[in-house]
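**Q** Quick one: the structure is below, questions incoming.
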Amino acid sequence: MKKLVIILSCASLFLCSWFIQSSTADAKEPRKATILYFNDAHEISPVVNEYGDRGGVARLKTVIDRVKEDNKHTAVAFGGDLGGGTLFGGVYKGFPIVEVFNQIGIDIANFGQHDFDFGSEVTEELVEASKFQWITSNLTDPEGNSFANLPTYQIINQRGIKIGIIGLTDDMYTTTNDGKVIQQDIIPSAKKAVEQIKRKEKVDVIIALTQESLEKDKQLLDAVPEIDAVFTEEKAEDRSFIIEHGNDYILAPEGNIGSVIRLDITKHAKDINLVPTVIEVDHTVPENPELKALADYYQNKLEEDLGQTIAQVETSLDYGDNHESRYEETNIGNFVADSYRDHFYADIGLMNGGGIRTSIPAGEFTLRDAYAILPFGNKVILANVKGETIQAALENSVSRVESLGGGFLQVSGIHYSYNANHPVGERVQSVTINNEPIDLEKDYLVAMPNYIFHGGDGYTMFAESEILVDDTNAQTDAEVLIQYASKLGTINASLEGRIVVIQ
C-alpha cells in the first residue's frame, strides 16, 4: 500500500510539473490579432478606369475570407463613405452596401462626410439597417449627445489583445447640412474618447478611424500620443499609403475598395508589435459567387431604372480631365447652372464645380447621365440675395482654386473674372449680372443647391438671405436637370466667356 501511495504521489507531482511547464510555455507564446481596414465603398461592382480593374464587394468578400482563414482572430473595420459621390451611391444612397456589409461580417464602422449627403435621417436609417456597430467620437446632435446615440468608442478583444477604437469625421461642411449633426473639434473629441477607454479598462492598442487630411492625421498623433495607429481616408485612387509617423502609423487604402490594409498585432508578454501590409483588391482576386450575384442584380436594376433616353447631346459635356470645373468655365457647368436658373426663371443660377462628377459624351442623354452628373441628391432652392452677398460668394468661389476646391462656382446669368495671383478676398476683378454691373445693394433671385445655401464649401454668407423656395418644397438637382434636358430636347452647351481667368 505504501508503495502504491508513493507511486501515485510521484505521478501526481510529475503531472503537476508538466502542467506548470506547459502553462509557462503557453504564456511565452506570442498572441496575434489582425484588423482589416477599407473605406470609400460608393460602388458595389468593380470600378474599371485608367487605374485598372479594382474593387467590388465580391472581391472584398474573398479577401476578408482568406485573411480569416489565416487568422480567425480578425476584426474588419470600415472607414466611411458608402453613399453619394457616384451614380450608384446617389441612386441607392448606400443601402445595398449596408446589405452587403451585413453578409460580409463587418465589425465596426466610422462615418465619412458623404454618409450624410442625403440628410441625417437617411444616415440614421443606414445605421438602423446595419448589423455591425457604428461609432463616432466627434459627431453630435445640437444638444451635444452622440449622433444617433452611438458609442463614442469600442473595445474589441481578439485572443486577449484588447484594442480600443475611436471614430473621427472631418469636413462635414462639404456635405448636406440639415442642422441636426454638429462636428465637434477633432483633437479634443479624440482626447475625451481615449480617456473614456482608459477609464474603462486597460487596452493594448488604440486605433483611430478617421476621415481627414494627412496633415490633420499627423497633428492628431502628436496631440494624442496614446493612439498607436490611424486608419484614414483614401489619399489616391491608385495607391495605398503606409506612413510611419514617429513610432506610429498612418494607413490609407486605395479609393473604391481598391485595396485593404491589414494590420497584424502581436503581443508577447508586455511587448506589442504592429505590422501593416497592403492587400490589393484587383482583377487577380476571384469574386465571391453569392455577392457577385447580388452586385449583378443591383447593376441590372440600375440599368433598368436609368436607361431611359430623355434628350440628345449635340456636343459632349466636359467636366474636364484635370477637374477644370473647379477653376474655370466648362460647358457642363453652364448646362447645370442654366437648368437651375431656368427652373425658377431666376436672375442667377449657381453650381459648385465639385458637385459635378462626370463628363457625358455626345449622343443619347439618359436618366443615368443626369444622376451621374449630379449624384448627391441636393435640392435646388430659390433665395433673394443681395449683390454684396453674391460678390462675397464669388470671392469664396475662387479662394481655393490652387487646390482645386470643390466650391468653385459655375454660373448662369453672371459673367465674372478673377486673378488667382491676388490675395484671397481680392481676386474677383469684375462682375456683371444680366450684362449689367453688379449692384451691391440690389436683391437678386438666385437658384442654387441647398448645399451651398446652408453653408457647404464655406458659403456662410447666405445665412442672412431670404429663402423663397426651401428644401421641403424643392426638387432634387438631378430632377431639375432631367426636366431641363427634356425641355431642350437637344443639348448643345458651349463656352460663352462667363468666367475669365486672368493670368
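Starting from 1 in every chain, residues are counted up; chains themselves are A, B, ... following the order of the C-alpha cells, and ligands are numbered from 1 as listed.
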Would you kindly return, as a tab-separated table (two decimals) with N, CA and C atoms, in the first residue's frame, each protein, DNA or RNA residue with an atom no farther than 12 Å from any atom of Asp271 (chain A), considering only C-alpha atoms and excluding same-chain residues fewer than 2 positions away?

**A**
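Writing the result to selection.tsv gives the following:
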chain	number	residue	atom	x	y	z
A	28	LYS	N	4.43	32.08	-22.79
A	28	LYS	CA	5.51	32.70	-23.53
A	28	LYS	C	5.23	32.76	-25.02
A	29	GLU	N	4.22	32.02	-25.48
A	29	GLU	CA	3.87	32.03	-26.90
A	29	GLU	C	3.22	33.37	-27.26
A	30	PRO	N	3.69	34.04	-28.30
A	30	PRO	CA	3.06	35.32	-28.68
A	30	PRO	C	1.64	35.10	-29.21
A	31	ARG	N	0.78	36.07	-28.93
A	31	ARG	CA	-0.58	36.04	-29.44
A	31	ARG	C	-0.70	37.04	-30.58
A	32	LYS	N	-1.59	36.75	-31.52
A	32	LYS	CA	-1.68	37.57	-32.72
A	32	LYS	C	-3.14	37.87	-33.06
A	161	ILE	N	-6.00	40.22	-26.83
A	161	ILE	CA	-5.43	41.51	-27.21
A	161	ILE	C	-6.58	42.51	-27.28
A	204	ASP	N	-4.41	47.25	-25.03
A	204	ASP	CA	-3.06	47.07	-25.55
A	204	ASP	C	-2.75	48.04	-26.68
A	205	VAL	N	-3.77	48.38	-27.45
A	205	VAL	CA	-3.59	49.23	-28.63
A	205	VAL	C	-4.79	50.16	-28.76
A	265	ILE	N	-1.29	42.55	-35.22
A	265	ILE	CA	-0.89	42.98	-33.88
A	265	ILE	C	-0.41	41.76	-33.12
A	266	THR	N	0.84	41.77	-32.68
A	266	THR	CA	1.42	40.65	-31.95
A	266	THR	C	1.70	41.09	-30.51
A	267	LYS	N	1.27	40.28	-29.57
A	267	LYS	CA	1.52	40.55	-28.15
A	267	LYS	C	2.36	39.43	-27.57
A	268	HIS	N	3.52	39.78	-27.04
A	268	HIS	CA	4.42	38.81	-26.41
A	268	HIS	C	4.80	39.38	-25.06
A	269	ALA	N	4.27	38.75	-23.99
A	269	ALA	CA	4.42	39.30	-22.65
A	269	ALA	C	3.79	40.70	-22.65
A	273	ASN	N	3.63	44.59	-30.96
A	273	ASN	CA	4.26	44.88	-32.25
A	273	ASN	C	3.19	45.00	-33.33
A	274	LEU	N	3.26	46.06	-34.12
A	274	LEU	CA	2.30	46.30	-35.20
A	274	LEU	C	3.00	46.17	-36.55

**Q** Compile the contact shell of region 406-411 of chain A as a compact mmCIF listing (two decimals) with C-alpha atoms, in the first residue's frame: residues with an atom at most 8 Å away, counting only C-alpha atoms, same-chain residues fewer than 2 positions apart removed.

**A**
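For reference, result-v9.txt as written:
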# COMPACT_ATOMS: atom_id res chain seq x y z
CA SER A 325 -14.94 72.61 -63.42
CA ARG A 326 -13.09 73.51 -60.21
CA TYR A 327 -11.21 76.50 -61.62
CA GLU A 328 -12.66 77.65 -64.97
CA GLU A 329 -15.82 77.74 -67.06
CA THR A 330 -16.97 74.42 -68.51
CA GLY A 333 -21.10 73.74 -65.65
CA ASN A 334 -23.07 76.13 -67.86
CA ALA A 337 -26.32 76.29 -63.79
CA ASP A 338 -28.68 77.12 -66.68
CA ILE A 348 -28.81 83.81 -61.44
CA GLY A 349 -28.02 80.10 -61.31
CA LEU A 350 -25.07 78.87 -59.22
CA MET A 351 -23.48 75.43 -59.10
CA ASN A 352 -20.40 74.33 -57.16
CA GLY A 353 -17.98 72.69 -59.58
CA GLY A 354 -17.07 69.93 -57.12
CA GLY A 355 -20.66 68.71 -57.20
CA LEU A 394 -17.68 84.77 -55.79
CA ASN A 396 -15.16 82.41 -51.73
CA SER A 397 -15.56 80.58 -55.04
CA VAL A 398 -12.04 81.47 -56.19
CA ARG A 400 -9.14 77.69 -53.17
CA VAL A 401 -8.59 77.26 -56.90
CA LEU A 404 -8.98 72.53 -56.88
CA GLY A 413 -26.79 84.95 -65.65
CA ILE A 414 -23.39 86.14 -64.40
CA HIS A 415 -20.08 86.98 -66.03
CA ASP A 457 -17.81 74.68 -49.02
CA GLY A 458 -17.57 77.80 -46.86
CA ARG A 498 -18.93 83.59 -68.43

**Q** Measuring atom to atom with only C-alpha atoms, identify which of A:Phe241, A:Phe462, A:Tyr153, A:Phe376 is nearest to Gln113 (chain A).

**A**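 For Gln113 (chain A), the nearest of the given residues is A:Phe376.
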
**Q** Pick out the closest residue to Val336 (chain A) from this set: A:Thr175, A:Ser494, A:Thr232, A:Gln184. Count only C-alpha atoms.

**A** A:Ser494

**Q** Could you tell me which of A:Asp141, A:Thr86, A:Ile207, A:Asp264 comes closest to Ala33 (chain A) if we count only C-alpha atoms?

**A**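 Once distances to Ala33 (chain A) are computed over only C-alpha atoms, the minimum belongs to A:Asp264.
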
**Q** Please provide as a ChimeraX atom specification all residues within 8 Å of Tyr340 (chain A), with the sequence filter that same-chain residues fewer than 4 positions apart are discarded (counting only C-alpha atoms).

**A** /A:336,344,349-350,380,447-448,477,480-481

**Q** Filtering to N, CA and C atoms, could you give me those residues as a short mmCIF file (atom, residue, chain, number, x, y, z; two decimals), in the first residue's frame?

**A**
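Now in result_34.cif:
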data_model
loop_
_atom_site.label_atom_id
_atom_site.label_comp_id
_atom_site.auth_asym_id
_atom_site.auth_seq_id
_atom_site.Cartn_x
_atom_site.Cartn_y
_atom_site.Cartn_z
N VAL A 336 -25.61 72.87 -66.22
CA VAL A 336 -26.23 72.65 -64.91
C VAL A 336 -26.74 73.97 -64.33
N PHE A 344 -36.52 78.23 -62.07
CA PHE A 344 -37.23 79.25 -61.29
C PHE A 344 -37.37 80.58 -62.04
N GLY A 349 -28.14 81.50 -61.71
CA GLY A 349 -28.02 80.10 -61.31
C GLY A 349 -26.58 79.84 -60.87
N LEU A 350 -26.40 79.18 -59.75
CA LEU A 350 -25.07 78.87 -59.22
C LEU A 350 -24.94 77.37 -59.01
N VAL A 380 -32.62 72.01 -55.19
CA VAL A 380 -32.39 73.31 -55.83
C VAL A 380 -33.36 74.31 -55.22
N ALA A 447 -30.97 80.86 -57.88
CA ALA A 447 -31.24 79.42 -57.74
C ALA A 447 -29.91 78.71 -57.51
N MET A 448 -29.88 77.84 -56.52
CA MET A 448 -28.63 77.18 -56.16
C MET A 448 -28.93 75.91 -55.37
N ASP A 477 -31.52 68.19 -57.51
CA ASP A 477 -30.76 68.75 -58.64
C ASP A 477 -30.88 67.89 -59.89
N VAL A 480 -34.25 68.43 -61.55
CA VAL A 480 -34.29 69.71 -62.26
C VAL A 480 -33.53 69.59 -63.57
N LEU A 481 -32.39 68.90 -63.55
CA LEU A 481 -31.59 68.73 -64.77
C LEU A 481 -32.34 67.88 -65.79
#

**Q** To one decimal place in Å, what is the distance between CA of Arg368 (chain A) and CA of Gly307 (chain A)?

**A** 6.2 Å
